[in-house]
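Trainee: Below you'll find the structure I mean.
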Amino acid sequence: MLGFFRKHKKYFFVVLVLATLSFIAGGAYLYVAGPFKMGEDVAIKVGSTKISTQEYLNTYNQLYSFYSNLLAQMKGGNVTEQDIKNLHLKQKTADLLIDRALLLQEAKREGIKVTKEDIQKSIEKNPVFAENGKFSKDKYLLVLRENHLKPAEFEESINNDLYIEKLKDSMAKKINITDQMAKKYFIDNFSNIQLSYVDFDANAFAQKVTYNDTDLKNYYNKNKQEFTEPAKVDIKYAAIDIAYLAPKEKVTDQEMKSFYDTHQQSFQTPPLYKIAHILIKPNGNSKEDLKAAQAKAEEIYKKLTPDDFEQMAQKYSDDPYSKPKGGVLGWLYQSMFKPDSEFAKVAFSLKKGEISKPFKTQLGYEIVYVMDTKPSKTISFDEAKPYIKQVLQMQKAQDNLFRESKRIALMIKNPADFDKICKQEGLKVHQTGLVAIDSNVLPQNILQKAYESTTNTLLGPDEVKVNNNTAYIIYETTEKKNPYLPDFDKVKDKVIKAYIKYKAKELAKDAFLKALTEKPLNLEKIASEYNLKIQTTPMFSKMNPDPNFACFNNAENIDFIFKQNKGFVGSCSANSDNYIYQIADKKADMNLYEQYKNQLKAQMKDEEVGKALENLLKTLKANTKIVINPQIVNESSNQ
């Protein structure tokens, strides 16, 4: 979920202005089911700083809107009260405001200053307020108005953010990342390693398990739930969903024309540009490397013509994806790129047949050729009608699903008519067969309701989800069986398998623990002593660990192993799997390290600043009196 939030944060920038830093949350989590009101003037006191109820409410409601919108996108609009409850938004709001207040106080104690010019520059460089690449005051005021913010409120928030950013910058200046630290970090995180290991898998010890009837019966009696046959039910049902109902819905030309007129933007294609490029990547990040790449690009540019561009791209470009195609990127449009994209600024300013001069991007130096263009086009009403009809049919079907389901259910006056009526209405009848009521053949509430009902009694229509869309089913129970425990003799084979599996795990764990007592650990000796096979992984990276080595399901295991040197012997456990392993090989591409050393050091510094902020907040919280309005707690505890 966090990855989704980061990916889409540009669409929610106003909320994120209030949450530019994320910190360790303190205290028990609270929650609410929706926006709330509170009568007190002060919501939170952080030392001498008072956070008003209005500020708290504004921040809470912005976070509520932000997270509920994201959840709606992720779940196709199906956001439940439990989803919101699980977000603990009240606690998130309090933590955010407390952390900001503490850091703002600290910044001012440090003598940090923020000027009006700083605020103005911060606003003007925000691409959300830009039109044609430049800051627009009208756009600025429009965006704030759409987000229900007054300029003074927003600028005060920017002022506070700048204080905190300058505090971070001040902390960053005190942190020195040396080449030696960066080298170790690179080796620990970007090496490729190979493991040799023995797996104390229970299957390897299964043949050593012995048993008699007494052992089996004792296991059977102690684990009756394992051998109990669950309650089962056989259900006949039909689903009334959008796919069934939509084709039956009638849509008039007038309705389609009205939809077309009110959704004009949806039927306009943007101007298209068929673009090719030549990319020259620098060999490193030094000024000399950049100059060399620029010089090479300029030399190529002098020789370029539209007729030989593709041939030159195949010969010189460093883009492995477009190079084989003569540098051709295909048909592109401007909104595919970020507003501040240097590539977009240059490419979409050219006319058909024009070749740009070399220009610098984050990838290197590029030369762009506009091979062809297509103007913006409005899809005509007649062209759009099939699409509009389908959309309107689906909308109507969604609105009419329950009504149609109820109509069909009322037609089935006798369960014996179920098949006949469904066939008459064009509905497919399904039969589950006897299935456990805890299975996923149908939703749990349907299976439970069917089991609790009398056989051959019509049920529904009940709402279900089909491919994230709402549907209704009508159904009846044709057969059901109550849970029961079979006699030992009838499930003896099943008991034997379960007992062997259980004892084999015990033997494997005992052998693993015994092997660990041997010092030093010797992989070959251990494999020989316990008749286990030494397995070897391929070379793999920390970002793409070997999936067959179960210990890598745990991030701490990955971090620990990659910090060790070649030859290290260790052990790890994951669920019921136990391993003794040896690092057979470890290699790091030091040329790659030299190429990205500066970026790596910058990343490490950011991480250290983050840790320093966490520690600072812990100290500030321990030494600052923080009082939260009890009405917040009371409201949460009552819900």
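Order determines the names: the first chain of the structure tokens is A, the second B, and so forth; residues in each chain are numbered 1 upward, and ligands are numbered 1 upward as they are shown.
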Just the alpha helix (DSSP H) stuff from stretch 331-570 of chain A, please, per backbone DSSP, written as an MDAnalysis selection string.
Mentor: chainID A and resid 342:347 381:411 418:424 444:452 492:516 523:529 555:562
Trainee: With a distance cut-off of 12 Å and only C-alpha atoms, select the neighbouring residues of stretch 501-510 of chain A, excluding the residue or stretch itself and same-chain residues fewer than 4 positions from it, and output the selection as a PyMOL selection string.
Mentor: chain A and resi 198-211+215-216+219+223+494-497+514-517+530-532+572-579
Trainee: Within stretch 292-470 of chain A, find each residue whose DSSP state, derived from the backbone, is strand (DSSP E), and express the selection as a PyMOL selection string.
Mentor: chain A and resi 328-332+359-361+364-374+377-378+430-431+435-436+458-466+469-470
Trainee: For each of A:Asn69, A:Gln603, A:Ser170, A:Thr624, take the minimum atom-to-atom distance to A:Gln105, counting only C-alpha atoms, then give the residue where this is smallest.
Mentor: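 Ranking A:Asn69, A:Gln603, A:Ser170, A:Thr624 by distance to A:Gln105, first place goes to A:Thr624.
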Trainee: If you measure from atom CA of A:Tyr484 to atom CA of A:Pro415, what distance in Å do you get, rounded to one decimal?
Mentor: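 So the two atoms, atom CA of A:Tyr484 and atom CA of A:Pro415, lie 28.7 Å apart.
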Trainee: Contacts of stretch 470-475 of chain A at 10 Å or less, counting only C-alpha atoms, minus same-chain residues fewer than 5 places along, as a PyMOL selection string?
Mentor: chain A and resi 78+235-244+398+401-406+408-409+412+415+418+429-431+446+450+456-465
Trainee: If I take atom CA of A:Gln311 and atom CA of A:Ile278, how far is one from the other in Å, to one decimal?
Mentor: 10.5 Å
Trainee: How far is it from atom CA of A:Leu57 to atom CA of A:Thr93, in Å with one decimal?
Mentor: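 Those two atoms sit 8.9 Å apart.
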Trainee: Go through A:Lys611, A:Lys325, A:Lys625, A:Lys396 one by one, measure the shortest atom-to-atom distance of each to A:Val46 using only C-alpha atoms, and give the residue with the smallest value.
Mentor: A:Lys625
Trainee: So that I can check the surroundings of A:Asp188, please list as a PyMOL selection string every protein, DNA and RNA residue that reaches within 12 Å of it, counting only C-alpha atoms and ignoring chain neighbours fewer than 4 positions away.
Mentor: chain A and resi 181-184+192-193+541-543+558-566+586-589+593
Trainee: For A:Leu87, which residue among A:Leu410, A:Leu71, A:Leu162, A:Ala584 is the nearest when counting only C-alpha atoms?
Mentor: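 When distances to A:Leu87 are compared using only C-alpha atoms, the smallest one comes from A:Leu71.
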Trainee: With a distance cut-off of 10 Å and only C-alpha atoms, select the neighbouring residues of A:Val368, excluding the residue or stretch itself and same-chain residues fewer than 5 positions from it, and output the selection as a list in words.
Mentor: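 So the residues in contact are Ile275, Ala276, His277, Ile278, Leu279, Phe309, Gly327, Val328, Phe343, Val346, Ala347, Phe348, Leu350, Glu354, Ile355, Ser356, Lys357, Pro358 and Phe359 of chain A.
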Trainee: Give me, as a list in words, all polymer residues having an atom no more than 8 Å from A:Leu63, counting only C-alpha atoms and skipping those fewer than 3 positions away in the same chain.
Mentor: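 Near A:Leu63, the qualifying residues are Val15, Thr59, Tyr60, Phe66, Tyr67, Leu89 and Thr93 of chain A.
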